[in-house]
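Right, one structure below, let's go through it.
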Amino acid sequence: MKGVARITFYGGTGSVTGANFLLEIDGKKILVDCGLTQGFKIADDINWDPFPYNPAEIDILFITHAHVDHLGRVPKLINEGFRGTIYSTEPTKALARPMLDDTAGILSKNRNFDLDKIYTEENISLSISLWQGFKYHDKVTITENVEATFRNAGHILGSAMIEFKYNGKKILFTGDLGNSPSPLLPDTEKITDIDYLVMESVYGDRNHESRNDRRKYLETVIEDNYKRKGTLVVPTFSLERSQELLFELNDLVENKRIPVMPIFLDSPLAIRLTEIFKHFKTYFNETAQKAMSQDEHLFDFPGLHSTLRSEESKMISAVINPKIIIAGSGMSSGGRIVHHERHYLPDPNNTILLTGYQSVGSMGRLIQEGVKTVHITGEDVVVRAKVVTINGYSGHKDSDHLLEFVEDTAETLKKVFVVMGEPKSSMFLVQKIRDNLGIEAYAPEKGDIVSLIC
Ligand SMILES: [Zn+2]
């Protein structure tokens, strides 16, 4: 007997962030991701509109991974009546708590929308109490006709693609897709037999520089900064990128590839998340597991200082150069990095190293694009520091690899929905899928509804 599944695209359309998709399947209402829309702020005001569906009617929420643009609105969903179950992988569940706590800490300062009444300890605890963690490839029975499976997306620790099987037809939501090979994680799993695909397109229109050279490039940037006796400032996402960098630095320091100098991990969130990474070593790739058999402390090495308290953070400026500071947020939109940038950007001996995606309008994007002055906490700050970008550490597949990913299942694919990208990126990938693979593809707009025959 044939069935119809319906997807409504409520978020992650025309934008990288704010993933939120409603899947209506065999009588169940299922959400995939419930993220924050982020631009130059951690959360755009658009996030605080009421949900366009009734959260109390949602049966299950699947979370693909622990980035805030995929789970940041879970407390709001709870606040508006959601009491269903939340499913994710085990690491995503473990990472969710600190990620939500951190988000609450930042958002509750916003008095305009009463966010302190939404991002409460009670709503966050309730979220976690409804949450169940699974291993990759575990099957979740949803109805007698529908089951879901977590597939490894290789994007961050615990990141998953969610595959729904209904009457033998498969619908796959990719979440974010990793830029495999990652220093720490296994490669994105190959997918086959998929009928309908909802996929990300952050780098739909661009390719990354070679990943093979990234560690060498990092080494060069560090050495150059050392010679110029500067401070190397690295705005870094607390989740995954910080741990990847620690892993790379650990290797460079332990093998004496770079001189020993003070390296500060100046992010309470990154410090907390790194502890969680240590509990999920079985989720690391073979190389990292092998490295661990020789060096138990993959994220710790001589010269590393984890500065948890703000008094410790303030002391960093008194430490003599050369030194390295890794701090959040990754797009310089808040957090301790902002203070470091105000302090270090005006000096041409310093370097600012960008290793991640910088969204349009973010401070990081402005710096990356070469503006001469930035506005930080009410002050105009001149940018004289050297600005370097290493794209090889990107956590997202680039254009060619996104196409390759689709190609693996081209034979069975009926339709591809390209989401979670800036419009230019998504449209480019849509065209590429149509032209190269001859598969029907399109980039849905917010509120679009599609019916899939299953
Ligand atoms: Zn992500």
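Within each chain, counting starts at residue 1; across the structure tokens, chains are named A, B, ... in the order shown, with ligands numbered 1 upward in that order.
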Contacts of ligand 1, 7 Å or closer, only C-alpha atoms and all ligand atoms, given as an mmCIF file with C-alpha atoms, in the first residue's frame:
```cif
data_model
loop_
_atom_site.group_PDB
_atom_site.id
_atom_site.type_symbol
_atom_site.label_atom_id
_atom_site.label_comp_id
_atom_site.auth_asym_id
_atom_site.auth_seq_id
_atom_site.Cartn_x
_atom_site.Cartn_y
_atom_site.Cartn_z
ATOM 1 C CA HIS A 65 23.939 17.298 15.797
ATOM 2 C CA HIS A 67 25.412 22.872 16.854
ATOM 3 C CA HIS A 155 30.678 16.688 10.632
ATOM 4 C CA ASP A 176 25.534 19.065 8.133
#
```
Applying 8 Å and only C-alpha atoms, which residues near range 70-84 of chain A remain after dropping the ones on its own chain fewer than 4 positions away? List them as an mmCIF file with N, CA, C and O atoms, in the first residue's frame.
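Saved the output as part20.cif:
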```
data_model
loop_
_atom_site.group_PDB
_atom_site.id
_atom_site.type_symbol
_atom_site.label_atom_id
_atom_site.label_comp_id
_atom_site.auth_asym_id
_atom_site.auth_seq_id
_atom_site.Cartn_x
_atom_site.Cartn_y
_atom_site.Cartn_z
ATOM 1 N N THR A 17 21.643 28.693 8.556
ATOM 2 C CA THR A 17 21.270 28.380 9.944
ATOM 3 C C THR A 17 19.761 28.206 10.104
ATOM 4 O O THR A 17 18.998 28.356 9.154
ATOM 5 N N GLY A 18 19.358 27.877 11.334
ATOM 6 C CA GLY A 18 17.923 27.802 11.658
ATOM 7 C C GLY A 18 17.227 26.559 11.152
ATOM 8 O O GLY A 18 16.020 26.585 10.881
ATOM 9 N N ALA A 19 17.952 25.437 11.040
ATOM 10 C CA ALA A 19 17.352 24.202 10.520
ATOM 11 C C ALA A 19 16.091 23.822 11.296
ATOM 12 O O ALA A 19 16.098 23.797 12.526
ATOM 13 N N ASN A 20 15.018 23.552 10.564
ATOM 14 C CA ASN A 20 13.756 23.163 11.195
ATOM 15 C C ASN A 20 12.816 22.636 10.112
ATOM 16 O O ASN A 20 12.288 23.395 9.317
ATOM 17 N N ASP A 33 15.500 18.711 13.596
ATOM 18 C CA ASP A 33 16.234 19.890 14.064
ATOM 19 C C ASP A 33 15.325 21.058 14.461
ATOM 20 O O ASP A 33 14.203 21.187 13.960
ATOM 21 N N CYS A 34 15.836 21.821 15.387
ATOM 22 C CA CYS A 34 15.085 22.978 15.880
ATOM 23 C C CYS A 34 16.125 24.032 16.270
ATOM 24 O O CYS A 34 16.410 24.272 17.433
ATOM 25 N N GLY A 35 16.727 24.618 15.217
ATOM 26 C CA GLY A 35 17.905 25.455 15.443
ATOM 27 C C GLY A 35 17.625 26.942 15.464
ATOM 28 O O GLY A 35 16.554 27.408 15.083
ATOM 29 N N LEU A 36 18.628 27.667 15.895
ATOM 30 C CA LEU A 36 18.559 29.128 15.899
ATOM 31 C C LEU A 36 19.003 29.669 14.546
ATOM 32 O O LEU A 36 19.954 29.169 13.949
ATOM 33 N N ASN A 47 13.847 34.450 15.392
ATOM 34 C CA ASN A 47 13.726 33.233 16.204
ATOM 35 C C ASN A 47 12.600 33.298 17.225
ATOM 36 O O ASN A 47 12.127 32.283 17.693
ATOM 37 N N PHE A 51 6.268 29.476 16.927
ATOM 38 C CA PHE A 51 6.456 28.440 15.899
ATOM 39 C C PHE A 51 5.231 28.410 14.986
ATOM 40 O O PHE A 51 4.105 28.589 15.457
ATOM 41 N N ASN A 54 1.919 23.818 15.977
ATOM 42 C CA ASN A 54 1.697 23.709 17.423
ATOM 43 C C ASN A 54 2.693 22.716 18.026
ATOM 44 O O ASN A 54 2.571 21.510 17.791
ATOM 45 N N PRO A 55 3.674 23.190 18.796
ATOM 46 C CA PRO A 55 4.684 22.279 19.346
ATOM 47 C C PRO A 55 4.081 21.132 20.164
ATOM 48 O O PRO A 55 4.661 20.047 20.224
ATOM 49 N N ALA A 56 2.908 21.372 20.766
ATOM 50 C CA ALA A 56 2.275 20.327 21.589
ATOM 51 C C ALA A 56 1.840 19.132 20.730
ATOM 52 O O ALA A 56 1.657 18.028 21.238
ATOM 53 N N GLU A 57 1.684 19.357 19.436
ATOM 54 C CA GLU A 57 1.232 18.267 18.549
ATOM 55 C C GLU A 57 2.379 17.468 17.937
ATOM 56 O O GLU A 57 2.156 16.517 17.204
ATOM 57 N N ILE A 58 3.603 17.875 18.222
ATOM 58 C CA ILE A 58 4.758 17.168 17.643
ATOM 59 C C ILE A 58 5.057 15.912 18.472
ATOM 60 O O ILE A 58 5.160 15.975 19.693
ATOM 61 N N ASP A 59 5.182 14.789 17.776
ATOM 62 C CA ASP A 59 5.434 13.524 18.492
ATOM 63 C C ASP A 59 6.911 13.332 18.814
ATOM 64 O O ASP A 59 7.266 12.927 19.917
ATOM 65 N N ILE A 60 7.762 13.593 17.811
ATOM 66 C CA ILE A 60 9.195 13.318 17.997
ATOM 67 C C ILE A 60 10.017 14.455 17.387
ATOM 68 O O ILE A 60 9.667 14.980 16.334
ATOM 69 N N LEU A 61 11.101 14.793 18.068
ATOM 70 C CA LEU A 61 12.078 15.735 17.508
ATOM 71 C C LEU A 61 13.400 14.983 17.328
ATOM 72 O O LEU A 61 13.930 14.434 18.304
ATOM 73 N N ILE A 63 17.352 15.350 16.457
ATOM 74 C CA ILE A 63 18.407 16.364 16.364
ATOM 75 C C ILE A 63 19.597 15.732 15.639
ATOM 76 O O ILE A 63 20.116 14.705 16.076
ATOM 77 N N THR A 64 20.010 16.348 14.532
ATOM 78 C CA THR A 64 21.108 15.760 13.753
ATOM 79 C C THR A 64 22.458 15.928 14.449
ATOM 80 O O THR A 64 23.291 15.038 14.400
ATOM 81 N N HIS A 65 22.685 17.096 15.077
ATOM 82 C CA HIS A 65 23.939 17.298 15.797
ATOM 83 C C HIS A 65 23.832 18.511 16.711
ATOM 84 O O HIS A 65 22.850 19.248 16.674
ATOM 85 N N ALA A 66 24.867 18.683 17.538
ATOM 86 C CA ALA A 66 24.750 19.597 18.679
ATOM 87 C C ALA A 66 25.093 21.055 18.389
ATOM 88 O O ALA A 66 25.242 21.842 19.312
ATOM 89 N N ALA A 96 24.547 18.364 24.132
ATOM 90 C CA ALA A 96 23.402 19.284 24.100
ATOM 91 C C ALA A 96 23.322 20.139 25.364
ATOM 92 O O ALA A 96 23.059 21.342 25.302
ATOM 93 N N LEU A 100 23.258 24.107 25.283
ATOM 94 C CA LEU A 100 22.043 24.847 25.643
ATOM 95 C C LEU A 100 22.297 25.772 26.831
ATOM 96 O O LEU A 100 21.796 26.899 26.871
ATOM 97 N N THR A 103 24.058 28.766 25.455
ATOM 98 C CA THR A 103 23.119 29.595 24.692
ATOM 99 C C THR A 103 22.227 30.380 25.648
ATOM 100 O O THR A 103 21.991 31.580 25.455
ATOM 101 N N ILE A 118 12.310 31.893 28.807
ATOM 102 C CA ILE A 118 12.263 30.744 27.882
ATOM 103 C C ILE A 118 13.466 29.834 28.124
ATOM 104 O O ILE A 118 13.329 28.619 28.274
ATOM 105 N N TYR A 119 14.649 30.457 28.188
ATOM 106 C CA TYR A 119 15.873 29.673 28.378
ATOM 107 C C TYR A 119 16.137 29.458 29.867
ATOM 108 O O TYR A 119 17.167 29.858 30.389
ATOM 109 N N THR A 120 15.147 28.844 30.533
ATOM 110 C CA THR A 120 15.271 28.614 31.970
ATOM 111 C C THR A 120 15.928 27.264 32.214
ATOM 112 O O THR A 120 15.909 26.380 31.351
ATOM 113 N N ASN A 123 13.291 24.564 31.663
ATOM 114 C CA ASN A 123 13.037 24.162 30.264
ATOM 115 C C ASN A 123 14.198 23.350 29.687
ATOM 116 O O ASN A 123 13.988 22.425 28.902
ATOM 117 N N ILE A 124 15.416 23.721 30.085
ATOM 118 C CA ILE A 124 16.574 22.964 29.577
ATOM 119 C C ILE A 124 16.593 21.563 30.194
ATOM 120 O O ILE A 124 16.776 20.562 29.498
ATOM 121 N N LEU A 126 14.069 19.885 31.332
ATOM 122 C CA LEU A 126 12.969 19.120 30.762
ATOM 123 C C LEU A 126 13.358 18.586 29.373
ATOM 124 O O LEU A 126 13.094 17.423 29.046
ATOM 125 N N SER A 127 14.022 19.440 28.580
ATOM 126 C CA SER A 127 14.502 18.984 27.264
ATOM 127 C C SER A 127 15.342 17.726 27.415
ATOM 128 O O SER A 127 15.128 16.730 26.728
ATOM 129 N N LEU A 130 13.595 14.485 28.229
ATOM 130 C CA LEU A 130 12.816 13.873 27.144
ATOM 131 C C LEU A 130 13.721 13.231 26.086
ATOM 132 O O LEU A 130 13.266 12.703 25.091
#
```
Arg384 in chain A environment, 6 Å, only C-alpha atoms, sequence neighbours closer than 6 positions dropped, as a tab-separated table (two decimals) with N, CA, C and O atoms, in the first residue's frame:
```tsv
chain	number	residue	atom	x	y	z
A	345	LEU	N	43.98	43.34	17.40
A	345	LEU	CA	43.81	43.69	15.98
A	345	LEU	C	44.66	44.88	15.51
A	345	LEU	O	45.14	44.88	14.36
A	346	PRO	N	44.88	45.91	16.31
A	346	PRO	CA	45.62	47.08	15.81
A	346	PRO	C	47.11	46.85	15.57
A	346	PRO	O	47.75	47.68	14.91
A	347	ASP	N	47.70	45.75	16.05
A	347	ASP	CA	49.15	45.58	15.92
A	347	ASP	C	49.49	44.68	14.72
A	347	ASP	O	49.08	43.52	14.67
A	348	PRO	N	50.28	45.21	13.76
A	348	PRO	CA	50.60	44.42	12.55
A	348	PRO	C	51.45	43.18	12.83
A	348	PRO	O	51.57	42.31	11.97
```
If we count only C-alpha atoms and set the cut-off at 8 Å, which residues sit around Ile325 in chain A, ignoring sequence neighbours fewer than 6 positions away in its own chain? Please answer as number ranges by chain.
A: 231-234, 263-266
Just to be explicit: take each residue in the selection above, keep N, CA, C and O atoms, and write the result as a CSV table (one decimal), in the first residue's frame.
```csv
chain,number,residue,atom,x,y,z
A,231,THR,N,51.0,37.9,18.7
A,231,THR,CA,50.0,37.0,19.3
A,231,THR,C,49.1,36.5,18.1
A,231,THR,O,48.7,37.2,17.3
A,232,LEU,N,49.0,35.2,18.1
A,232,LEU,CA,48.1,34.5,17.1
A,232,LEU,C,46.8,34.3,17.7
A,232,LEU,O,46.6,33.6,18.7
A,233,VAL,N,45.8,35.1,17.2
A,233,VAL,CA,44.4,35.0,17.8
A,233,VAL,C,43.6,34.1,16.9
A,233,VAL,O,43.5,34.4,15.7
A,234,VAL,N,43.0,33.1,17.5
A,234,VAL,CA,42.2,32.2,16.7
A,234,VAL,C,40.7,32.1,17.2
A,234,VAL,O,40.4,31.5,18.1
A,263,ILE,N,50.0,28.6,24.9
A,263,ILE,CA,48.8,28.5,24.1
A,263,ILE,C,47.6,28.4,25.0
A,263,ILE,O,47.6,27.6,25.9
A,264,PHE,N,46.7,29.4,24.8
A,264,PHE,CA,45.6,29.5,25.7
A,264,PHE,C,44.3,29.0,25.1
A,264,PHE,O,44.0,29.5,24.0
A,265,LEU,N,43.6,28.1,25.7
A,265,LEU,CA,42.3,27.7,25.3
A,265,LEU,C,41.4,28.6,26.2
A,265,LEU,O,41.2,28.2,27.4
A,266,ASP,N,41.0,29.7,25.7
A,266,ASP,CA,40.3,30.7,26.5
A,266,ASP,C,38.8,30.7,26.2
A,266,ASP,O,38.2,31.6,25.8
```
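Distances from A:Asp44, A:Glu254, A:Glu144, A:Glu248 to Tyr217 in chain A were compared using only C-alpha atoms, and the smallest one belongs to A:Glu248.
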To one decimal place in Å, what is the distance between CA of Asn110 in chain A and CA of Arg97 in chain A?
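The value is 20.4 Å.
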Looking at only C-alpha atoms, which of A:Thr355, A:Leu246, A:Ile42, A:Lys281 is the one that sits closest to Leu304 in chain A?
A:Leu246
